[in-house]
Amino acid sequence: MMHDNAISDPRKEQRIFTLRVILSVFILLGLTSIVLFRYFDLQINRHLDYVTNSNKNRIHIRSVAPTRGLIFDRHGQLLADNRPAFTLNIIPESAENTDQLIARLDSLLSISEKDLARFKKRAKRSKRFQPIPLKYNLTEQERAILAVNSHLLTGTEVSAQLMRFYPQRELLTHTLGYVGRINDREIRMIDPNNYRGTDFIGKIGLEKYYEEILLGEVGTEQVETDARGRVMRVLGKKDPVSGSDLTIHIDSHLQRMALNALKGERGALVAIDVKTGGILSMVSTPSYDPNLFTSGISQKQYDALLNSPDRPLFNRALRGQYPPGSTVKPLFGLIGLQHKIFDMDYSIYDPGYFFMEGIKRPWRDHNSDQGGHGHGVDLAEAIIESCDVFFYTTGIKAGIDLLSEQSALFGLGDITGIDLPGEKRGIMPTREWKKDKRRQNWFDGDTINMSIGQGFMLTTPLQLAVMSARIASRGKAVVPKLLKSIDGEDIEPEFAPNPIQYDDRYWDYIHQAMVDVVHSDKGTARGISKGLSYKLAGKTGTAQVISINEKEKYDSSKIDKNKWDHALFVAFAPADNPQIALGLIVENGEHGSRTAAPIARKVIDSYLSDYPQERRHNNASRLAKYSPTPVEDN
Amino acid sequence: MYKYDFVRQLNTKGGDRRQNVLHIDFTLLLILLILCMTGLFVLYSASEQSMYYVKRQATFMLTGFTGMLIVAQFPVRFWERWAGLFYGSALLALIAVLFFGVEAKGATRWLNLGFARFQPSELAKIAVPMMVSAYLSRRIIPPKFKHVAGALLIVGIPALLIIRQPDLGTSILVFASGFFVLFLAGLRKRYLAGAFLGSLAAVPLLWFYVMRDYQKQRVLTLLSPEDDKFGAGWNIIQSTTAIGSGGLSGKGWTEGTQSQLNFLPESHTDFIIAVLAEEFGLLGVIGLCAIYLLLVGYCMIIAISAQSQFARLMAGSISLTFFIYMFVNMSMVSGLLPVVGVPLPLVSYGGSAIVTLFFGFGILMAISSEPKRIGTWR
C-alpha cells in the first residue's frame, strides 16, 4: 500500500499497546478516586449540611387561615357571614406558555385589565410553583366552563376559600364596615405572622374595630411538599383558632325601618337602648352594598361612590358634624335650672328679637315675623314652642363656661367612646378653644349663638342620641356600644366616669316639657302625636346651613336645596320609663318637625310595638310645677 | 504470540462450544446483565416508581443485547475492511443533519427517516474510533506526525459537526474515543504534552468562538451555583443535596426525598446517579463504580488479548470511552464538571445511548471470540 506503511511489527504494537493500557489503568484509577473522593466529601464530610438542605426543600410550614368570627344582631340575625368563594389561579411553572394560557382564559371567561395587572405584579414576587390568583369570585357558570376545558388549561387551578359576605347588603354598611384585601400600608402596621394564610383585614366599621377578636389565630401545618409545591403529606399540625362570633345590639328590623324611613334623604339616625347604651340602630344614608368591597370593587364603581354628591361612603352618624340647633334647648334649660341660673317660675317677654347691650344687631327669633312668643315665656314654653329669645337671655346669664362644662357630661364635644373607629368629636366650644383655633377672645355674642345650638357648636348624630339617652335616663351616663356579647358572653354596659347628679324635679320638668313638644297643642312636633299609644318625649331642631342676614328672610324656594336648613330631632320613649333614645338628622330637610320627627316616630313605634301595654299608662307622674297637657290617646 | 492471552485460555478452559458457534463472551454478558439489572432497579425508583420507563428501558436493553449478539457474529476483519464506508456514511449523515435536521429543544441533532428519528452523532461514536483504528493500524507505530494529523482530521471533522448541533457532551465523547485510539497506538509523549498544552490554549478559543452562551453559563454555574438558585444553579444544587443527604448508606430504595418529590431534575436520565447516591449512599456509589471498573477492566483484558492491531485499538478505545461516560456523568452530577449531556451508561434512561453502547460491546465480543474464528470465517 502506501510507502510509509512500514511492515508492522506485531510484537512492538502489542508491547506499546499493553504499556499504554497499563498507563490508562492508572489514569482510570486516579480519576475514579477523584470522583469517589468527591462523593465521599459530599456524603460523609458534608452529610449533615445536605440533610438540612434536603429537609428545607421538602418540609414547609404552611399557614392555615382561621375562620373569621361571624356577626349577629341582637335577635340572632346573621349580619356578616363567610361563604366559599372560588379563585382561578395560574401556576406559571406548570403552564407551557403563560401568555397563551391567559389569552385562552380571556376568550373563555374574559379577564379584566385590572386582574391581569394584579396577576403580573404578584407573579413577579412569587415563589416557584406557587399558584397566583388571576380571577376571583368565579361564578358557577365560569367554574363549569373551566372544568369542561380543563384539558386545554394545564397550569391553571381553581381554589376555594372562605370569603366575607354581608347578607343584609346595604342595611348596616357604615356600622358593620367590611373587610378587604390587605394593602401595602396595612401590611406595615400588622404583625404579618397573624395574617399568614389570609388576604383580608377589616377596613372600616366593626370589622376594623374588632379585627383582633374576629380574626382568630392562624394555624400551622408542617407539610412535605414536592418540588412543585404540592403537598404530599402532613407531618404535623396546629389547628387554627376561629375568630370569636360577635353579637351586637343592633336590631335589624329596627335598622331596616330606619333605613327605609330615611330612604331618598341624606341623613343619619342613631337609636340607643337607654338602659345599657347599646346601639339599636345606626343609619347613614345613602348606603351602599359592602360586598362590593370584599371582592375588589371596580374603579368605575368606586368612582361612582366616591364622586356621588350624596357622599354614600361618608358615615354621617359617626362622622357627620352638624350644628345641633334647638335640640340642645332641653339640655341648656336643664343646666340652667340645676345651676340656679333661673328657676321654674322664671319667665321672659319675647318680642321676637333679642338685643344685647352695646350691640346694634338684634338676634332674631325663628318666629320673629309673627311678633315673637310674647309675655310670660317660661322654660317649658320655651322648649315646647322652641323660643330662641328665652335661651339667648338665659344663655348669656349661664355663660359659656358652665354650659360647656355641663354639656360635656352629656356627651357633647368629645368622642362618646363608641366601639367604632374614626368617631368625630364635634365641637363644644370653650374660651380656650376659641383662642386656640380662632385666635380670638370669646365674646358674649358667641354664647348667644351657641345657646340655641348654632355658632361654633357642632355635634354628631351619635352625640345627639347619647345626649337624649342621658337625659332620658336621668343622668345615667351610658356609653354607646355596639358589642353585646362575644361568643355568647355578655359584655357589661359601660358608664362615663363623671356621673350627672341633677335634682329629680328638674329631670321631671324637662321630661314633661319634652313630652309636650310632641303631645301638647303648641308643641313644635305635635304633628306626630296622632295615634301615639305611649308618651314620646322629643325636641325638634333646625340647623342653618347658610347664615341669613337679619334683614333677609329665609325662603327655601329661593335657595338651592343643598343649602336648605338641616332638620334635626332628638327623642326618647316611653317618657315614663324610657327604653329607647335617638338622635337624627335629615340634611337639608328644612324643619325638624316636618321632616325629622315623623321618622323618629316610625322608628320608636316599631321598637315599642312589643313593649308591654300595662306599663304605658301607670306612670305616677311626678308632676312638675305646671300641669301637663293630657296625653292624646285613642 | 498468544501467550498473554490468558483470557482466551479462561474462556476456552470449559471447552464452551457455544462460544465457538455464537461468539458469545459469557463473562462480558454476565457483567452487562448485572449492570443492566442494577440500572433498571435504580430507574424504577428514579422514575417515580413507574413501570412505564422500566418497561421501555428493558425493551431498549433487549434490543441492545440482540444487536450486540448480531454484531458479535461479524468477524473483526469485516469492521476493519468497511470502516471507511461506515465512517463516510456517518459523516454524510452528520452533514445531512446540518441541512435536513429536525430541531428539538434548541438543538438540531436528528434526522427524520419517516418511520423513526435517527441521531447520526450516535453512529459517530462507533464510526470515529473504528476509522481511526483502521487508519492507524496500517501505519507504523508510534504514529508519525502526519499520521497524527490525519487521525486528528478524522476525529475533528465529525466532532466539529456535532459541536455545531450543538451537542457538547457527544462531541467530547466522540473526540475522546478517537483520541484514545491515538493514545493507545503509542502517541509520543511530546505529542501528548503538546496536546495537553494545546488543549489549555484552546480553552480561551473555545470560550470565545465555539461555546454557546448556555454552555458558558453551565461552566459559570459550576463555579458558583448559588448565584442563580432557581435558574441555572437549580440542577446542581438539587443534585449535590440529593447526593450529600444520602450519607453512607442512603435513605433506602424509593425513599429518597429529593428524587421522589421531584426536586431533582432529570432524575431518570442524566442525573440518575444522584438518585442512587441518595437512596443507597456512598456504599451504593462505590458498588456501582466497582461494577463499572470490573466491566472496563474486563474489556481492557479483551483488548490486550486481541489478535490484531485494529482489534486492540478498537477494543481499547471502546473500553476507555465507556469509562469516560461514567467519569464525566458522575463528575457533572456531583458538581466537579460543568453539566454536559452525558448519560450514566446503561443506567440512565434513553434508547439511543443504550443501542450505541451495545453496538460497541458487540464489537468487543467479536474481538473476544476472534481466536475461535481463526480458520473458520476470516
# chains A, B, ... in the order shown; residues from 1 in each chain; ligands from 1
$ interface_residues --of "chain B" --to "chain A" --cutoff "6 Å" --atoms "only C-alpha atoms" --output "VMD selection string"
chain B and resid 139 to 140 184 186 241 244 to 245 247 261 to 263
$ write_last_selection --atoms "C-alpha atoms" --output "compact mmCIF listing (two decimals), in the first residue's frame"
# COMPACT_ATOMS: atom_id res chain seq x y z
CA ARG B 139 0.67 2.82 9.94
CA ILE B 140 3.91 2.30 11.78
CA LEU B 184 -3.23 3.53 22.70
CA GLY B 186 1.57 4.87 21.23
CA THR B 241 -28.18 17.97 48.00
CA GLY B 244 -24.95 14.64 50.23
CA SER B 245 -28.14 13.83 52.11
CA GLY B 247 -24.86 9.74 53.55
CA LEU B 261 -40.54 14.72 45.49
CA ASN B 262 -39.21 15.93 42.17
CA PHE B 263 -36.63 18.33 43.48
$ select_by_dssp --residues "range 62-296 of chain B" --states "alpha helix (DSSP H)" --output "ChimeraX atom specification"
/B:62-73,76-100,120-137,145-163,168-184,189-205,213-223,234-246,257-260,272-296
$ residues_around --residues "His366 in chain A" --least-positions-apart "6" --cutoff "12 Å" --atoms "only C-alpha atoms" --output "VMD selection string"
chain A and resid 325 to 326 350 to 354 372 to 373 385 to 389 452 541 to 544 548 550 553 to 554 591
$ write_last_selection --atoms "N, CA and C atoms" --output "PDB file, in the first residue's frame"
ATOM      1  N   GLY A 325     -78.661  72.904  66.636  1.00  0.00           N
ATOM      2  CA  GLY A 325     -79.861  73.738  66.619  1.00  0.00           C
ATOM      3  C   GLY A 325     -80.629  73.598  67.923  1.00  0.00           C
ATOM      4  N   SER A 326     -81.930  73.679  67.819  1.00  0.00           N
ATOM      5  CA  SER A 326     -82.770  73.734  69.024  1.00  0.00           C
ATOM      6  C   SER A 326     -82.800  72.430  69.799  1.00  0.00           C
ATOM      7  N   ASP A 350     -90.950  87.958  75.093  1.00  0.00           N
ATOM      8  CA  ASP A 350     -90.250  87.728  73.820  1.00  0.00           C
ATOM      9  C   ASP A 350     -90.900  88.516  72.718  1.00  0.00           C
ATOM     10  N   PRO A 351     -90.252  89.602  72.299  1.00  0.00           N
ATOM     11  CA  PRO A 351     -90.818  90.414  71.213  1.00  0.00           C
ATOM     12  C   PRO A 351     -90.457  89.867  69.841  1.00  0.00           C
ATOM     13  N   GLY A 352     -89.687  88.802  69.835  1.00  0.00           N
ATOM     14  CA  GLY A 352     -89.211  88.269  68.528  1.00  0.00           C
ATOM     15  C   GLY A 352     -87.775  88.646  68.271  1.00  0.00           C
ATOM     16  N   TYR A 353     -87.265  89.543  69.119  1.00  0.00           N
ATOM     17  CA  TYR A 353     -85.876  89.966  68.962  1.00  0.00           C
ATOM     18  C   TYR A 353     -85.169  89.970  70.288  1.00  0.00           C
ATOM     19  N   PHE A 354     -83.866  89.849  70.232  1.00  0.00           N
ATOM     20  CA  PHE A 354     -83.068  89.982  71.444  1.00  0.00           C
ATOM     21  C   PHE A 354     -81.933  90.940  71.170  1.00  0.00           C
ATOM     22  N   GLY A 372     -92.892  87.265  67.796  1.00  0.00           N
ATOM     23  CA  GLY A 372     -92.336  86.562  68.960  1.00  0.00           C
ATOM     24  C   GLY A 372     -93.381  85.792  69.734  1.00  0.00           C
ATOM     25  N   HIS A 373     -92.933  85.208  70.886  1.00  0.00           N
ATOM     26  CA  HIS A 373     -93.823  84.387  71.685  1.00  0.00           C
ATOM     27  C   HIS A 373     -94.530  85.189  72.767  1.00  0.00           C
ATOM     28  N   GLU A 385     -92.324  75.422  72.443  1.00  0.00           N
ATOM     29  CA  GLU A 385     -92.512  76.209  71.228  1.00  0.00           C
ATOM     30  C   GLU A 385     -91.182  76.593  70.602  1.00  0.00           C
ATOM     31  N   SER A 386     -90.106  76.150  71.249  1.00  0.00           N
ATOM     32  CA  SER A 386     -88.763  76.421  70.757  1.00  0.00           C
ATOM     33  C   SER A 386     -88.489  77.910  70.615  1.00  0.00           C
ATOM     34  N   CYS A 387     -88.642  78.619  71.771  1.00  0.00           N
ATOM     35  CA  CYS A 387     -88.415  80.053  71.780  1.00  0.00           C
ATOM     36  C   CYS A 387     -86.921  80.349  71.890  1.00  0.00           C
ATOM     37  N   ASP A 388     -86.410  81.072  70.921  1.00  0.00           N
ATOM     38  CA  ASP A 388     -84.975  81.355  70.927  1.00  0.00           C
ATOM     39  C   ASP A 388     -84.606  82.422  71.947  1.00  0.00           C
ATOM     40  N   VAL A 389     -85.463  83.437  72.074  1.00  0.00           N
ATOM     41  CA  VAL A 389     -85.118  84.585  72.902  1.00  0.00           C
ATOM     42  C   VAL A 389     -84.917  84.176  74.357  1.00  0.00           C
ATOM     43  N   ILE A 452     -78.576  78.522  71.271  1.00  0.00           N
ATOM     44  CA  ILE A 452     -79.611  77.811  70.513  1.00  0.00           C
ATOM     45  C   ILE A 452     -78.970  76.776  69.575  1.00  0.00           C
ATOM     46  N   GLY A 541     -85.298  70.405  65.916  1.00  0.00           N
ATOM     47  CA  GLY A 541     -84.186  71.332  65.713  1.00  0.00           C
ATOM     48  C   GLY A 541     -84.036  71.637  64.239  1.00  0.00           C
ATOM     49  N   THR A 542     -83.530  72.811  63.988  1.00  0.00           N
ATOM     50  CA  THR A 542     -83.247  73.206  62.617  1.00  0.00           C
ATOM     51  C   THR A 542     -81.859  73.829  62.628  1.00  0.00           C
ATOM     52  N   ALA A 543     -81.013  73.332  61.763  1.00  0.00           N
ATOM     53  CA  ALA A 543     -79.653  73.869  61.752  1.00  0.00           C
ATOM     54  C   ALA A 543     -79.428  74.613  60.458  1.00  0.00           C
ATOM     55  N   GLN A 544     -78.942  75.847  60.620  1.00  0.00           N
ATOM     56  CA  GLN A 544     -78.704  76.656  59.428  1.00  0.00           C
ATOM     57  C   GLN A 544     -77.488  76.161  58.671  1.00  0.00           C
ATOM     58  N   ILE A 548     -78.174  83.754  57.372  1.00  0.00           N
ATOM     59  CA  ILE A 548     -79.107  84.683  56.734  1.00  0.00           C
ATOM     60  C   ILE A 548     -78.933  86.046  57.393  1.00  0.00           C
ATOM     61  N   GLU A 550     -79.859  89.500  58.957  1.00  0.00           N
ATOM     62  CA  GLU A 550     -81.029  89.743  59.811  1.00  0.00           C
ATOM     63  C   GLU A 550     -82.162  90.440  59.066  1.00  0.00           C
ATOM     64  N   LYS A 553     -85.123  87.322  54.785  1.00  0.00           N
ATOM     65  CA  LYS A 553     -85.969  86.270  55.309  1.00  0.00           C
ATOM     66  C   LYS A 553     -85.559  84.969  54.623  1.00  0.00           C
ATOM     67  N   TYR A 554     -85.498  83.896  55.464  1.00  0.00           N
ATOM     68  CA  TYR A 554     -85.157  82.598  54.890  1.00  0.00           C
ATOM     69  C   TYR A 554     -86.310  82.134  54.037  1.00  0.00           C
ATOM     70  N   HIS A 591     -87.163  71.510  58.261  1.00  0.00           N
ATOM     71  CA  HIS A 591     -87.702  71.646  59.615  1.00  0.00           C
ATOM     72  C   HIS A 591     -87.704  70.317  60.317  1.00  0.00           C
TER      73      HIS A 591
END
$ closest_residue --among "A:Val158, A:Leu334, A:Ala465, A:Asp503" --to "Leu269 in chain A" --atoms "only C-alpha atoms"
A:Ala465
$ residues_around --residues "Ala573 in chain A" --least-positions-apart "5" --cutoff "7 Å" --atoms "only C-alpha atoms" --output "PyMOL selection string"
chain A and resi 535-537+578-581
$ write_last_selection --atoms "C-alpha atoms" --output "PDB file, in the first residue's frame"
ATOM      1  CA  LYS A 535     -95.615  59.122  75.648  1.00  0.00           C
ATOM      2  CA  LEU A 536     -92.941  60.280  73.311  1.00  0.00           C
ATOM      3  CA  ALA A 537     -90.559  62.967  74.543  1.00  0.00           C
ATOM      4  CA  PRO A 578     -87.550  55.390  78.796  1.00  0.00           C
ATOM      5  CA  GLN A 579     -86.342  52.436  76.710  1.00  0.00           C
ATOM      6  CA  ILE A 580     -85.087  53.998  73.544  1.00  0.00           C
ATOM      7  CA  ALA A 581     -83.458  57.329  72.822  1.00  0.00           C
TER       8      ALA A 581
END
$ residues_around --residues "Ala185 in chain B" --least-positions-apart "3" --cutoff "7 Å" --atoms "only C-alpha atoms" --output "PyMOL selection string"
(chain A and resi 17) or (chain B and resi 141-142+181-182+313)
$ closest_residue --among "B:Ile162, B:Gly297, B:Asp213, B:Leu248" --to "Phe26 in chain A" --atoms "only C-alpha atoms"
B:Gly297
$ closest_residue --among "B:Tyr209, B:Tyr87, B:Tyr214, B:Tyr135" --to "Ile157 in chain B" --atoms "only C-alpha atoms"
B:Tyr87
$ select_by_dssp --residues "range 116-243 of chain A" --states "strand (DSSP E)" --output "number ranges by chain"
A: 132-135, 156-165, 178-181, 200-204, 219-225, 231-238
$ atom_distance --atom1 "CA of Val355 in chain B" --atom2 "CA of Asp270 in chain B"
16.4 Å
$ residues_around --residues "Leu168 in chain B" --least-positions-apart "6" --cutoff "10 Å" --atoms "only C-alpha atoms" --output "list in words"
Ala159, Leu160, Ile162, Val174, Met211, Arg212, Gln215, Val339, Val340, Gly341 and Val342 of chain B
$ atom_distance --atom1 "CA of Ser404 in chain A" --atom2 "CA of Ile427 in chain A"
9.9 Å
$ residues_around --residues "Leu192 in chain B" --least-positions-apart "4" --cutoff "12 Å" --atoms "only C-alpha atoms" --output "MDAnalysis selection string"
chainID B and resid 145 148 179:180 182:184 186:188 196:199
$ write_last_selection --atoms "C-alpha atoms" --output "short mmCIF file (atom, residue, chain, number, x, y, z; two decimals), in the first residue's frame"
data_model
loop_
_atom_site.label_atom_id
_atom_site.label_comp_id
_atom_site.auth_asym_id
_atom_site.auth_seq_id
_atom_site.Cartn_x
_atom_site.Cartn_y
_atom_site.Cartn_z
CA PHE B 145 3.32 13.50 12.83
CA VAL B 148 -1.32 12.01 13.95
CA PHE B 179 -8.07 10.40 20.80
CA PHE B 180 -7.88 7.19 22.86
CA LEU B 182 -4.13 7.64 19.12
CA PHE B 183 -3.06 7.30 22.71
CA LEU B 184 -3.23 3.53 22.70
CA GLY B 186 1.57 4.87 21.23
CA LEU B 187 1.24 8.58 20.58
CA ARG B 188 4.60 10.01 21.52
CA PHE B 196 -2.15 18.93 26.83
CA LEU B 197 -0.71 22.39 26.24
CA GLY B 198 -2.76 22.73 23.08
CA SER B 199 -5.97 21.99 24.94
#
$ atom_distance --atom1 "CA of Asn260 in chain A" --atom2 "CA of Thr524 in chain A"
24.1 Å
